[in-house]
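The structure appears below as structure tokens.
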Amino acid sequence: MGIHFGADYNPEQWPEEVWEEDLSLMKRARVTMVTAGIFSWAKAEPRPGAYDFDWFDRVMDGLGGAGIRVCLATMTASPPPWLTRAHPEVLPQGPDGQRRWPGGRQHYCPSSPVYREHAVRLVERLAVRYAGHPALAMWHVGNEYGCHTRQCFCDVSAGDFRRWLRERYGSVARLNAAWSTAFWSQAYADFEEVLPPRTAPTFPNPAQQLDYLRFGDDALRRCYLAEKRVLERVSPGVPVTTNLMPFHKPVDAFGWSRDMDAMALDFYQDPFDPETHLKAAYTFDLMRAARGGQPWLLLEQAPGAVNWRARNGPKPPGAMRLWSWQAVAQGADAVLYFQWRQSRGGAEKFHSAMVPHAGTDTRVFREVCDLGRELASVPEIAGTRAVRPTAALVTDWDSWRALELDSHPSTALRLPELALGHYRPLFEAGVACDVVPPDRDLSGYRLAVVPNLYLLTEPCAQRLASYVRGGGHLLVSFFSGVVDDRDRVHPGGCPGPLRSLLGLWVEEFWPLDEGATVGVRGRGGESGQGDSRELPAGTADLWSEVIRLEGAEAVAEFADGDLAGSPAVTRHGYGAGTVTYAGTRLEPALMRALMDGVRAAAGVRPVLAGLPAGVQATVREGAGGRFLFLLNHGARAADIALPRPMADALAGARGERVDHTYRIGLPARGVAVLKDLHGAVSAGT
């Protein structure tokens with residue numbers, strides 16, 4: 001089938017005479033798959049237990065007759081008005097006790113047994129009716145879990161939370177120990193005394209907040225699994241997925257990956273953000289690595305502007321093509337949009353679609369058709385996988401949630417921003433990278449980067465130590481190894497179980513004021529471990545620490561301020577490997593210099609040497625062949641040297657002559673997909 005191409009299809013918004021035109025235009029745009037039925041519950045079940053699927057039969061039959069596969073949604077993302085009228089207890093509550101009312105979407109408490117009962121009943125009817133339909137390709141459960149209702153704080157959720165705590169801790173005594181309830185006279189005598197962390201006079205218990213974040217994730221996943229179990233029973237063998245969101249703290253993508261047959265993502269680039277492609281790259285690498293390199297699905301993006309930002313800029317010419325190919329280059333086997341036809345009414349009427357309000361004689365529709373033609377011209381890419389990188393970036397949802405709680409030395413630490421600060425120098429150097437959880441086996445990577453792992457368990461610390469002892473190169477950043485999985489400070493303070501590995505301990509945290517910077521200069525020195533080049537002078541911001549050395553050497557020091565002359569960056573030989581520690585947030589140029597030195601010592605090379613600034617290179621290979629993707633995210637044209645002659649696989653789709661060449665020119669926002677017949681490029685090995 002090739003790379004799937006299409007959109008969310010919402011025919012219930014249109015009279016049936018439009019449906020025939022839709023099918024004709026889909027063929028013209030080379031659409032191969034649509035997601036259908038996401039918000040169809042009210043039309044499919046207009047009254048309790050009264051189902052009407054006749055209209056949807058015609059939709060499915062029409063799509064199947066046109067050769068278009070369907071990623072069939074379970075229709076449960078937005079309950080119909082009759083459900084909340086009959087059962088107002090399904091409505092979610094905020095931490096302040098305020099109800100969230102119908103009129104938008106996702107207005108349900110994830111713990112509500114009433115909601116789950118009605119949702120599962122609908123899914124059973126859907127599965128029985130369409131399990132054998134020839135158009136069915138896969139199932140799409142719910143939609144963007146936790147997007148609007150991230151957590152519910154109602155009494156139903158409170159009871160569910162207490163059940164969850166009993167299963168987790170077994171006894172109130174263990175709960176009290178885990179939550180450090182001796183502080184502020186919070187000790188519980190019975191589970192029935194426990195409430196969600198609702199709005200309180202001052203800071204709620206941080207361990208309680210952390211557990212409620214975990215519980216909220218679990219409650220959402222149990223909604224997903226309740227529907228998935230029905231689908232697996234009635235429709236065995238048909239893949240099941242749901243669409244995750246990027247940088248989405250309520251839903252642990254690594255945890256959910258175990259219950260998804262394919263990772264699926266919604267990603268909406270911001271044309272006004274100069275680093276939107278960097279954020280996409282990080283997220284795409286996470287999606288690909290979450291299931292060990294398996295191809296994933298981009299289920300939603302926008303062909304143009306969205307409707308929900310304060311200022312919604314359109315994608316300039318070529319950007320939609322570039323960013324779509326970026327997803328494919330980083331492992332996607334599907335490129336879909338929200339949505340097929342732009343809505344005339346409702347909250348998303350100004351959200352772009354494949355078919356705009358202005359019709360088909362438009363730039364957006366022409367670009368959509370051109371991309372569909374290009375994707376159709378290289379069907380052999382589907383099923384290929386990215387060559388496994390030799391660098392990994394470690395991130396953890398538990399640590400992220402705990403890091404951003406209140407009552408910390410600084411509330412300015414935001415993991416997505418910090419993680420991108422570590423990912424950026426790898427991306428800019430053209431180095432392929434996996435984004436993995438801390439419980440992943442790192443032995444296949446030459447370099448592992450660990451940004452700000454505030455919450456760290458003993459087993460994860462042991463894995464990191466074993467990795468370095470075996471010859472791995474590790475880079476760890478500040479405020480790591482501070483607390484355990486119950487948000488209790490490790491004995492001896494920071495870096496807790498990483499102390500012997502890092503060869504240092506942190507005496508005092510020294511966060512910097514907003515806008516303040518501190519100078520950093522290299523110390524040089526030669527330890528015989530890793531790269532010994534002196535770091536250039538520069539600045540750092542956000543954070544500093546009083547670092548005491550216990551075997552590590554300082555390779556950079558603070559140049560001014562209260563900590564002038566004390567270590568800022570250290571290096572420590574441990575077993576056969578080396579670990580580098582950054583006790584401050586280095587400015588981007590300085591972080592790039594540090595990362596370049598560390599990865600050079602680790603033997604991690606770029607996918608393609610000599611890439612111009614702004615050009616991304618990735619490799620996919622498999623039964624369909626080996627492909628080198630080149631994407632120019634820069635504002636200027638780029639000239640790229642190739643290690644041997646290659647041919648642009650997209651040239652035929654553009655009606656151009658196919659030539660093998662040692663060089664290729666890419667305009668700004670340009671894309672090339674080259675057939676690497678001789679394996680001349682790698683993933684940095």
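Residues are named by chain letter and number: chains run A, B, ... in the order of the structure tokens, numbers start at 1 in each chain, and ligands are numbered from 1 in the order shown.
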Any chance you could list, as a VMD selection string, the residues in region 222-351 of chain A that come up alpha helix (DSSP H) when DSSP is run on the backbone?
-> chain A and resid 222 to 234 253 to 257 276 to 290 319 to 329
Atoms kept (N, CA and C atoms) for selection, written as a CSV table (one decimal), in the first residue's frame:
chain,number,residue,atom,x,y,z
A,222,ARG,N,-7.1,3.0,31.4
A,222,ARG,CA,-8.1,2.0,31.6
A,222,ARG,C,-9.4,2.2,30.8
A,223,CYS,N,-9.6,3.5,30.4
A,223,CYS,CA,-10.7,3.8,29.5
A,223,CYS,C,-10.3,3.2,28.1
A,224,TYR,N,-9.1,3.5,27.7
A,224,TYR,CA,-8.6,2.9,26.4
A,224,TYR,C,-8.6,1.4,26.4
A,225,LEU,N,-8.1,0.8,27.5
A,225,LEU,CA,-8.0,-0.7,27.5
A,225,LEU,C,-9.4,-1.3,27.6
A,226,ALA,N,-10.4,-0.7,28.2
A,226,ALA,CA,-11.7,-1.3,28.2
A,226,ALA,C,-12.3,-1.4,26.8
A,227,GLU,N,-12.0,-0.4,26.0
A,227,GLU,CA,-12.5,-0.5,24.6
A,227,GLU,C,-11.6,-1.4,23.8
A,228,LYS,N,-10.3,-1.4,24.0
A,228,LYS,CA,-9.4,-2.3,23.3
A,228,LYS,C,-9.7,-3.8,23.5
A,229,ARG,N,-10.1,-4.1,24.7
A,229,ARG,CA,-10.4,-5.5,25.0
A,229,ARG,C,-11.6,-6.0,24.2
A,230,VAL,N,-12.6,-5.1,24.0
A,230,VAL,CA,-13.7,-5.5,23.2
A,230,VAL,C,-13.3,-5.7,21.7
A,231,LEU,N,-12.5,-4.8,21.2
A,231,LEU,CA,-12.0,-4.9,19.8
A,231,LEU,C,-11.2,-6.1,19.6
A,232,GLU,N,-10.3,-6.5,20.5
A,232,GLU,CA,-9.5,-7.7,20.4
A,232,GLU,C,-10.4,-8.9,20.4
A,233,ARG,N,-11.4,-8.9,21.2
A,233,ARG,CA,-12.3,-10.1,21.3
A,233,ARG,C,-13.2,-10.2,20.0
A,234,VAL,N,-13.8,-9.1,19.6
A,234,VAL,CA,-14.7,-9.2,18.5
A,234,VAL,C,-14.0,-9.1,17.1
A,253,ALA,N,3.8,8.3,27.2
A,253,ALA,CA,3.9,7.6,25.9
A,253,ALA,C,4.6,6.2,26.0
A,254,PHE,N,5.6,6.2,26.8
A,254,PHE,CA,6.4,4.9,26.9
A,254,PHE,C,5.5,3.8,27.6
A,255,GLY,N,4.7,4.2,28.6
A,255,GLY,CA,3.8,3.3,29.3
A,255,GLY,C,2.7,2.8,28.3
A,256,TRP,N,2.1,3.8,27.6
A,256,TRP,CA,1.0,3.4,26.7
A,256,TRP,C,1.5,2.6,25.5
A,257,SER,N,2.8,2.7,25.1
A,257,SER,CA,3.3,2.0,23.9
A,257,SER,C,3.1,0.5,24.1
A,276,THR,N,10.2,24.9,15.4
A,276,THR,CA,9.1,23.9,15.4
A,276,THR,C,9.6,22.6,14.8
A,277,HIS,N,10.5,22.6,13.8
A,277,HIS,CA,11.0,21.4,13.3
A,277,HIS,C,11.9,20.6,14.3
A,278,LEU,N,12.6,21.3,15.2
A,278,LEU,CA,13.4,20.7,16.2
A,278,LEU,C,12.4,19.9,17.2
A,279,LYS,N,11.4,20.6,17.6
A,279,LYS,CA,10.4,20.0,18.5
A,279,LYS,C,9.8,18.7,17.9
A,280,ALA,N,9.5,18.9,16.6
A,280,ALA,CA,8.9,17.7,15.8
A,280,ALA,C,9.9,16.6,15.8
A,281,ALA,N,11.2,16.9,15.5
A,281,ALA,CA,12.2,15.9,15.4
A,281,ALA,C,12.3,15.1,16.7
A,282,TYR,N,12.4,15.8,17.9
A,282,TYR,CA,12.5,15.1,19.2
A,282,TYR,C,11.3,14.2,19.4
A,283,THR,N,10.1,14.7,19.1
A,283,THR,CA,8.9,13.9,19.3
A,283,THR,C,8.8,12.7,18.3
A,284,PHE,N,9.2,12.9,17.1
A,284,PHE,CA,9.2,11.8,16.1
A,284,PHE,C,10.2,10.7,16.6
A,285,ASP,N,11.4,11.1,17.1
A,285,ASP,CA,12.3,10.1,17.5
A,285,ASP,C,11.8,9.4,18.7
A,286,LEU,N,11.0,10.0,19.6
A,286,LEU,CA,10.4,9.3,20.7
A,286,LEU,C,9.4,8.3,20.2
A,287,MET,N,8.5,8.7,19.3
A,287,MET,CA,7.5,7.8,18.8
A,287,MET,C,8.1,6.6,18.1
A,288,ARG,N,9.2,6.8,17.4
A,288,ARG,CA,9.9,5.7,16.7
A,288,ARG,C,10.5,4.8,17.7
A,289,ALA,N,11.2,5.3,18.7
A,289,ALA,CA,12.0,4.5,19.7
A,289,ALA,C,11.1,3.8,20.7
A,290,ALA,N,9.9,4.4,20.9
A,290,ALA,CA,9.0,3.8,22.0
A,290,ALA,C,8.7,2.3,21.7
A,319,ALA,N,6.3,24.4,3.2
A,319,ALA,CA,6.5,24.0,4.6
A,319,ALA,C,5.7,22.7,4.9
A,320,MET,N,4.5,22.6,4.4
A,320,MET,CA,3.6,21.4,4.7
A,320,MET,C,4.3,20.2,4.1
A,321,ARG,N,4.8,20.3,2.9
A,321,ARG,CA,5.6,19.2,2.3
A,321,ARG,C,6.8,18.8,3.1
A,322,LEU,N,7.6,19.8,3.5
A,322,LEU,CA,8.8,19.6,4.2
A,322,LEU,C,8.5,18.9,5.5
A,323,TRP,N,7.6,19.4,6.3
A,323,TRP,CA,7.3,18.8,7.6
A,323,TRP,C,6.6,17.5,7.5
A,324,SER,N,5.9,17.2,6.4
A,324,SER,CA,5.3,15.9,6.2
A,324,SER,C,6.4,14.9,5.9
A,325,TRP,N,7.3,15.2,5.1
A,325,TRP,CA,8.4,14.3,4.7
A,325,TRP,C,9.3,14.1,5.9
A,326,GLN,N,9.4,15.1,6.8
A,326,GLN,CA,10.2,15.0,8.0
A,326,GLN,C,9.7,13.8,8.9
A,327,ALA,N,8.4,13.7,9.0
A,327,ALA,CA,7.8,12.6,9.7
A,327,ALA,C,8.1,11.2,9.1
A,328,VAL,N,8.0,11.2,7.7
A,328,VAL,CA,8.4,9.9,7.0
A,328,VAL,C,9.9,9.6,7.2
A,329,ALA,N,10.7,10.7,7.1
A,329,ALA,CA,12.1,10.5,7.3
A,329,ALA,C,12.5,9.9,8.6
Surrounding residues of region 434-443 of chain A excluding itself and chain neighbours under 3 positions, 9 Å, only C-alpha atoms, as a VMD selection string = chain A and resid 254 282 to 290 293 388 to 397 446 to 448 450 456 459 to 461 463 to 464 466 to 467 470 to 472
What's the 12 Å shell around Val59 (chain A), counting only C-alpha atoms, without same-chain residues fewer than 3 positions away, as a PyMOL selection string?
-> chain A and resi 9-12+14-20+22-23+34-37+53-56+62-66+68-70+72+130+133+135-136
Could you write those residues out with N, CA, C and O atoms, as a short mmCIF file (atom, residue, chain, number, x, y, z; two decimals), in the first residue's frame?
data_model
loop_
_atom_site.label_atom_id
_atom_site.label_comp_id
_atom_site.auth_asym_id
_atom_site.auth_seq_id
_atom_site.Cartn_x
_atom_site.Cartn_y
_atom_site.Cartn_z
N TYR A 9 -11.94 12.10 8.56
CA TYR A 9 -13.09 12.31 7.68
C TYR A 9 -14.34 12.35 8.55
O TYR A 9 -14.62 11.42 9.30
N ASN A 10 -15.09 13.45 8.44
CA ASN A 10 -16.26 13.69 9.28
C ASN A 10 -17.49 13.93 8.41
O ASN A 10 -18.01 15.06 8.34
N PRO A 11 -17.98 12.91 7.73
CA PRO A 11 -19.09 13.11 6.78
C PRO A 11 -20.38 13.56 7.44
O PRO A 11 -21.26 14.12 6.77
N GLU A 12 -20.52 13.31 8.76
CA GLU A 12 -21.76 13.73 9.43
C GLU A 12 -21.94 15.23 9.42
O GLU A 12 -23.05 15.73 9.69
N TRP A 14 -21.79 16.98 6.78
CA TRP A 14 -22.17 17.38 5.42
C TRP A 14 -23.33 16.55 4.91
O TRP A 14 -23.50 15.39 5.29
N PRO A 15 -24.17 17.13 4.02
CA PRO A 15 -25.24 16.35 3.40
C PRO A 15 -24.64 15.25 2.51
O PRO A 15 -23.52 15.36 2.01
N GLU A 16 -25.40 14.20 2.32
CA GLU A 16 -24.87 13.04 1.61
C GLU A 16 -24.47 13.35 0.17
O GLU A 16 -23.61 12.66 -0.38
N GLU A 17 -25.06 14.36 -0.44
CA GLU A 17 -24.66 14.66 -1.83
C GLU A 17 -23.21 15.13 -1.91
O GLU A 17 -22.61 15.09 -2.99
N VAL A 18 -22.66 15.57 -0.79
CA VAL A 18 -21.25 15.99 -0.79
C VAL A 18 -20.33 14.77 -0.75
O VAL A 18 -19.17 14.85 -1.18
N TRP A 19 -20.82 13.64 -0.25
CA TRP A 19 -19.95 12.49 -0.05
C TRP A 19 -19.37 11.97 -1.36
O TRP A 19 -18.20 11.56 -1.40
N GLU A 20 -20.16 11.98 -2.42
CA GLU A 20 -19.64 11.52 -3.71
C GLU A 20 -18.50 12.41 -4.20
O GLU A 20 -17.50 11.92 -4.72
N ASP A 22 -16.56 14.07 -2.25
CA ASP A 22 -15.43 13.74 -1.39
C ASP A 22 -14.62 12.58 -1.95
O ASP A 22 -13.39 12.64 -2.02
N LEU A 23 -15.30 11.52 -2.35
CA LEU A 23 -14.60 10.35 -2.86
C LEU A 23 -13.84 10.67 -4.13
O LEU A 23 -12.69 10.23 -4.33
N VAL A 34 -8.33 7.09 5.65
CA VAL A 34 -8.94 8.14 6.46
C VAL A 34 -9.24 7.56 7.84
O VAL A 34 -9.46 6.37 8.00
N THR A 35 -9.23 8.45 8.82
CA THR A 35 -9.77 8.11 10.14
C THR A 35 -11.21 8.61 10.17
O THR A 35 -11.46 9.79 9.93
N ALA A 36 -12.14 7.73 10.43
CA ALA A 36 -13.56 8.09 10.35
C ALA A 36 -14.26 7.79 11.67
O ALA A 36 -13.94 6.81 12.36
N GLY A 37 -15.22 8.66 12.03
CA GLY A 37 -16.10 8.39 13.15
C GLY A 37 -15.67 8.94 14.49
O GLY A 37 -16.31 8.65 15.51
N PHE A 53 -26.66 3.03 12.37
CA PHE A 53 -25.41 2.88 11.62
C PHE A 53 -25.64 2.84 10.11
O PHE A 53 -24.69 2.67 9.35
N ASP A 54 -26.89 2.98 9.68
CA ASP A 54 -27.16 2.87 8.24
C ASP A 54 -26.37 3.91 7.45
O ASP A 54 -25.78 3.61 6.41
N TRP A 55 -26.36 5.15 7.94
CA TRP A 55 -25.62 6.20 7.25
C TRP A 55 -24.12 5.90 7.23
O TRP A 55 -23.45 6.17 6.23
N PHE A 56 -23.62 5.30 8.34
CA PHE A 56 -22.19 5.00 8.40
C PHE A 56 -21.85 3.80 7.52
O PHE A 56 -20.73 3.70 7.00
N GLY A 62 -18.71 3.34 0.65
CA GLY A 62 -18.19 4.26 -0.35
C GLY A 62 -16.67 4.35 -0.30
O GLY A 62 -16.00 4.32 -1.35
N LEU A 63 -16.12 4.43 0.89
CA LEU A 63 -14.66 4.49 1.03
C LEU A 63 -14.03 3.19 0.53
O LEU A 63 -13.03 3.22 -0.21
N GLY A 64 -14.60 2.06 0.93
CA GLY A 64 -14.06 0.79 0.47
C GLY A 64 -14.13 0.65 -1.03
O GLY A 64 -13.18 0.16 -1.67
N GLY A 65 -15.24 1.09 -1.63
CA GLY A 65 -15.38 1.01 -3.08
C GLY A 65 -14.38 1.88 -3.81
O GLY A 65 -14.02 1.59 -4.96
N ALA A 66 -13.92 2.95 -3.16
CA ALA A 66 -12.93 3.84 -3.77
C ALA A 66 -11.50 3.38 -3.48
O ALA A 66 -10.54 4.06 -3.87
N ILE A 68 -10.14 3.09 -0.49
CA ILE A 68 -9.58 3.85 0.64
C ILE A 68 -9.79 3.06 1.92
O ILE A 68 -10.91 2.65 2.24
N ARG A 69 -8.70 2.82 2.65
CA ARG A 69 -8.78 2.09 3.91
C ARG A 69 -9.25 3.02 5.03
O ARG A 69 -9.07 4.23 4.96
N VAL A 70 -9.79 2.42 6.08
CA VAL A 70 -10.36 3.20 7.17
C VAL A 70 -9.70 2.83 8.50
O VAL A 70 -9.64 1.65 8.86
N LEU A 72 -10.78 3.11 11.81
CA LEU A 72 -12.13 3.32 12.32
C LEU A 72 -12.11 3.70 13.80
O LEU A 72 -11.65 2.94 14.65
N TYR A 130 -18.63 -3.92 12.02
CA TYR A 130 -17.63 -3.59 11.01
C TYR A 130 -16.35 -4.43 11.07
O TYR A 130 -15.42 -4.18 10.31
N HIS A 133 -15.52 -5.73 7.69
CA HIS A 133 -15.66 -4.85 6.54
C HIS A 133 -14.34 -4.74 5.78
O HIS A 133 -13.28 -4.56 6.39
N ALA A 135 -13.00 -2.44 4.12
CA ALA A 135 -12.29 -1.17 4.21
C ALA A 135 -11.54 -1.01 5.53
O ALA A 135 -10.67 -0.14 5.65
N LEU A 136 -11.87 -1.83 6.53
CA LEU A 136 -11.28 -1.66 7.86
C LEU A 136 -9.80 -2.01 7.84
O LEU A 136 -9.41 -3.13 7.51
#
Between CA of Lys675 (chain A) and CA of Leu375 (chain A) - distance in Å to one decimal | 14.6 Å
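Taking only C-alpha atoms, the non-local environment of region 334-347 of chain A within 6 Å (same-chain residues fewer than 5 positions away omitted) comprises Ile3, His4, Phe5, Gly6, Ala7, Asp8, Tyr9, Leu297, Leu298, Leu299, Glu300, Gln301, Ala302, Ala353, Met354, Val355, Pro356 and His357 of chain A.
Considering the residues A:Thr241, A:Ser377, A:Thr199, A:Thr580 and counting only C-alpha atoms, Leu650 (chain A) has its shortest atom-to-atom contact with A:Ser377.
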Excluding same-chain residues fewer than 3 positions from Trp510 (chain A), what lies within 12 Å of it counting only C-alpha atoms, as a ChimeraX atom specification?
-> /A:408-410,478-479,506-507,513,518,541-547,561-563,568,583-584
Write out as an mmCIF file with all heavy atoms, in the first residue's frame the residues lying within 10 Å of Gly492 (chain A), counting only C-alpha atoms and excluding same-chain residues fewer than 4 positions away.
data_model
loop_
_atom_site.group_PDB
_atom_site.id
_atom_site.type_symbol
_atom_site.label_atom_id
_atom_site.label_comp_id
_atom_site.auth_asym_id
_atom_site.auth_seq_id
_atom_site.Cartn_x
_atom_site.Cartn_y
_atom_site.Cartn_z
ATOM 1 N N VAL A 482 17.951 13.388 42.602
ATOM 2 C CA VAL A 482 17.629 14.132 43.820
ATOM 3 C C VAL A 482 16.665 13.350 44.711
ATOM 4 O O VAL A 482 16.861 13.270 45.928
ATOM 5 C CB VAL A 482 17.036 15.511 43.467
ATOM 6 C CG1 VAL A 482 16.739 16.306 44.736
ATOM 7 C CG2 VAL A 482 17.980 16.287 42.557
ATOM 8 N N GLY A 496 22.417 11.480 44.880
ATOM 9 C CA GLY A 496 21.847 10.225 45.335
ATOM 10 C C GLY A 496 22.617 9.018 44.851
ATOM 11 O O GLY A 496 23.841 8.933 45.027
ATOM 12 N N PRO A 497 21.923 8.060 44.227
ATOM 13 C CA PRO A 497 22.589 6.820 43.807
ATOM 14 C C PRO A 497 23.558 7.006 42.639
ATOM 15 O O PRO A 497 24.201 6.041 42.232
ATOM 16 C CB PRO A 497 21.419 5.912 43.405
ATOM 17 C CG PRO A 497 20.304 6.831 43.076
ATOM 18 C CD PRO A 497 20.461 8.014 43.966
ATOM 19 N N ARG A 499 26.124 9.086 42.888
ATOM 20 C CA ARG A 499 27.293 9.746 43.476
ATOM 21 C C ARG A 499 28.615 9.101 43.055
ATOM 22 O O ARG A 499 29.534 9.790 42.595
ATOM 23 C CB ARG A 499 27.167 9.750 45.000
ATOM 24 C CG ARG A 499 28.285 10.487 45.725
ATOM 25 C CD ARG A 499 27.914 10.719 47.180
ATOM 26 N NE ARG A 499 28.984 11.379 47.918
ATOM 27 C CZ ARG A 499 28.842 11.933 49.126
ATOM 28 N NH1 ARG A 499 27.658 11.894 49.728
ATOM 29 N NH2 ARG A 499 29.870 12.506 49.738
ATOM 30 N N TRP A 505 29.562 15.099 44.672
ATOM 31 C CA TRP A 505 28.310 15.326 45.374
ATOM 32 C C TRP A 505 28.002 16.823 45.363
ATOM 33 O O TRP A 505 28.898 17.648 45.188
ATOM 34 C CB TRP A 505 28.344 14.770 46.794
ATOM 35 C CG TRP A 505 29.388 15.339 47.704
ATOM 36 C CD1 TRP A 505 30.718 15.033 47.707
ATOM 37 C CD2 TRP A 505 29.192 16.292 48.753
ATOM 38 N NE1 TRP A 505 31.372 15.729 48.680
ATOM 39 C CE2 TRP A 505 30.457 16.520 49.349
ATOM 40 C CE3 TRP A 505 28.086 16.965 49.254
ATOM 41 C CZ2 TRP A 505 30.649 17.396 50.413
ATOM 42 C CZ3 TRP A 505 28.263 17.840 50.320
ATOM 43 C CH2 TRP A 505 29.534 18.050 50.889
ATOM 44 N N VAL A 506 26.741 17.139 45.488
ATOM 45 C CA VAL A 506 26.288 18.531 45.407
ATOM 46 C C VAL A 506 25.972 19.004 46.817
ATOM 47 O O VAL A 506 25.071 18.471 47.473
ATOM 48 C CB VAL A 506 25.058 18.667 44.492
ATOM 49 C CG1 VAL A 506 24.538 20.105 44.500
ATOM 50 C CG2 VAL A 506 25.405 18.234 43.071
ATOM 51 N N GLU A 507 26.720 20.000 47.256
ATOM 52 C CA GLU A 507 26.518 20.513 48.609
ATOM 53 C C GLU A 507 25.315 21.441 48.700
ATOM 54 O O GLU A 507 24.579 21.430 49.689
ATOM 55 C CB GLU A 507 27.765 21.271 49.073
ATOM 56 C CG GLU A 507 27.650 21.835 50.479
ATOM 57 C CD GLU A 507 28.908 22.538 50.948
ATOM 58 O OE1 GLU A 507 29.955 22.388 50.294
ATOM 59 O OE2 GLU A 507 28.829 23.240 51.977
#
Tell me, which residues of region 455-682 of chain A carry DSSP strand (DSSP E or B), written as number ranges by chain?
-> A: 455, 473-477, 483, 489, 504-509, 517-522, 538-541, 545-549, 553-558, 567-574, 577-582, 585-586, 615-622, 625-632, 638-648, 660-666, 671-675
Prev. selection, C-alpha atoms, output as a compact mmCIF listing (two decimals), in the first residue's frame:
# COMPACT_ATOMS: atom_id res chain seq x y z
CA LEU A 455 13.51 11.49 40.14
CA HIS A 473 29.71 7.49 27.39
CA LEU A 474 27.15 9.29 29.54
CA LEU A 475 26.26 12.96 29.83
CA VAL A 476 24.12 13.92 32.85
CA SER A 477 22.80 17.39 33.68
CA VAL A 483 14.58 12.08 44.92
CA VAL A 489 15.28 13.11 48.90
CA LEU A 504 30.96 14.10 42.98
CA TRP A 505 28.31 15.33 45.37
CA VAL A 506 26.29 18.53 45.41
CA GLU A 507 26.52 20.51 48.61
CA GLU A 508 24.06 23.25 47.71
CA PHE A 509 21.66 24.21 44.93
CA THR A 517 23.61 34.68 33.66
CA VAL A 518 26.94 33.47 34.94
CA GLY A 519 30.25 33.11 33.11
CA VAL A 520 31.74 29.67 32.42
CA ARG A 521 35.30 28.94 31.26
CA GLY A 522 37.13 25.73 30.45
CA GLY A 538 30.71 31.36 27.50
CA THR A 539 27.71 31.88 29.72
CA ALA A 540 25.10 29.82 31.51
CA ASP A 541 21.75 30.60 33.06
CA GLU A 545 25.39 24.14 42.03
CA VAL A 546 28.11 23.89 44.65
CA ILE A 547 29.86 20.74 43.39
CA ARG A 548 32.32 18.80 45.54
CA LEU A 549 34.62 16.43 43.66
CA GLU A 553 37.84 16.37 37.47
CA ALA A 554 36.51 19.81 36.63
CA VAL A 555 36.70 20.55 32.91
CA ALA A 556 34.95 23.92 33.27
CA GLU A 557 34.40 26.32 36.13
CA PHE A 558 32.19 29.26 36.94
CA PRO A 567 33.34 23.32 39.11
CA ALA A 568 30.64 23.87 36.50
CA VAL A 569 31.28 20.84 34.25
CA THR A 570 33.03 17.65 35.34
CA ARG A 571 34.29 14.43 33.82
CA HIS A 572 34.80 11.09 35.54
CA GLY A 573 36.23 7.82 34.32
CA TYR A 574 34.16 4.89 35.55
CA GLY A 577 33.50 4.39 30.19
CA THR A 578 33.25 8.08 30.94
CA VAL A 579 30.56 10.26 32.46
CA THR A 580 30.28 14.03 32.02
CA TYR A 581 28.21 16.19 34.37
CA ALA A 582 26.91 19.70 33.66
CA ARG A 585 22.46 25.22 31.84
CA LEU A 586 25.09 26.14 29.27
CA VAL A 615 19.87 20.40 6.74
CA GLN A 616 18.62 17.19 8.35
CA ALA A 617 19.70 13.74 7.14
CA THR A 618 18.13 10.42 8.11
CA VAL A 619 18.25 6.85 6.83
CA ARG A 620 15.56 4.18 6.52
CA GLU A 621 16.23 0.67 5.29
CA GLY A 622 14.48 -2.65 4.91
CA GLY A 625 15.72 -0.74 0.01
CA ARG A 626 17.85 1.88 1.70
CA PHE A 627 16.88 5.56 1.53
CA LEU A 628 18.69 8.74 2.52
CA PHE A 629 16.33 11.62 3.34
CA LEU A 630 17.62 15.19 3.10
CA LEU A 631 15.46 18.03 4.41
CA ASN A 632 16.43 21.68 4.30
CA ALA A 638 21.99 24.26 0.41
CA ASP A 639 24.51 22.31 -1.64
CA ILE A 640 25.19 18.83 -0.27
CA ALA A 641 28.06 16.51 -1.13
CA LEU A 642 27.21 12.80 -1.34
CA PRO A 643 29.64 9.96 -0.65
CA ARG A 644 28.76 8.28 -3.97
CA PRO A 645 26.31 8.87 -6.84
CA MET A 646 22.66 8.61 -5.82
CA ALA A 647 19.36 9.29 -7.54
CA ASP A 648 16.45 11.34 -6.19
CA HIS A 660 22.77 9.79 -10.35
CA THR A 661 24.91 12.52 -8.84
CA TYR A 662 27.63 13.17 -6.24
CA ARG A 663 26.04 16.48 -5.24
CA ILE A 664 22.53 17.70 -4.76
CA GLY A 665 21.14 21.17 -4.34
CA LEU A 666 18.21 21.76 -2.03
CA VAL A 671 13.31 17.68 0.23
CA ALA A 672 15.24 14.88 -1.44
CA VAL A 673 14.77 11.14 -1.02
CA LEU A 674 17.83 9.36 -2.36
CA LYS A 675 18.19 5.66 -3.08
So which one's closest to Ser480 (chain A), A:Arg401, A:Met591, A:Ala465, A:Leu453? Using only C-alpha atoms, please.
-> A:Leu453
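Here CA of Ala158 (chain A) stands at a distance of 17.1 Å from CA of Gly170 (chain A).
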Any idea what's packed within 7 Å of Trp296 (chain A), counting only C-alpha atoms, ignoring anything in its chain fewer than 6 positions away? Could you give it as a PyMOL selection string?
-> chain A and resi 262-264+287-288+331-333
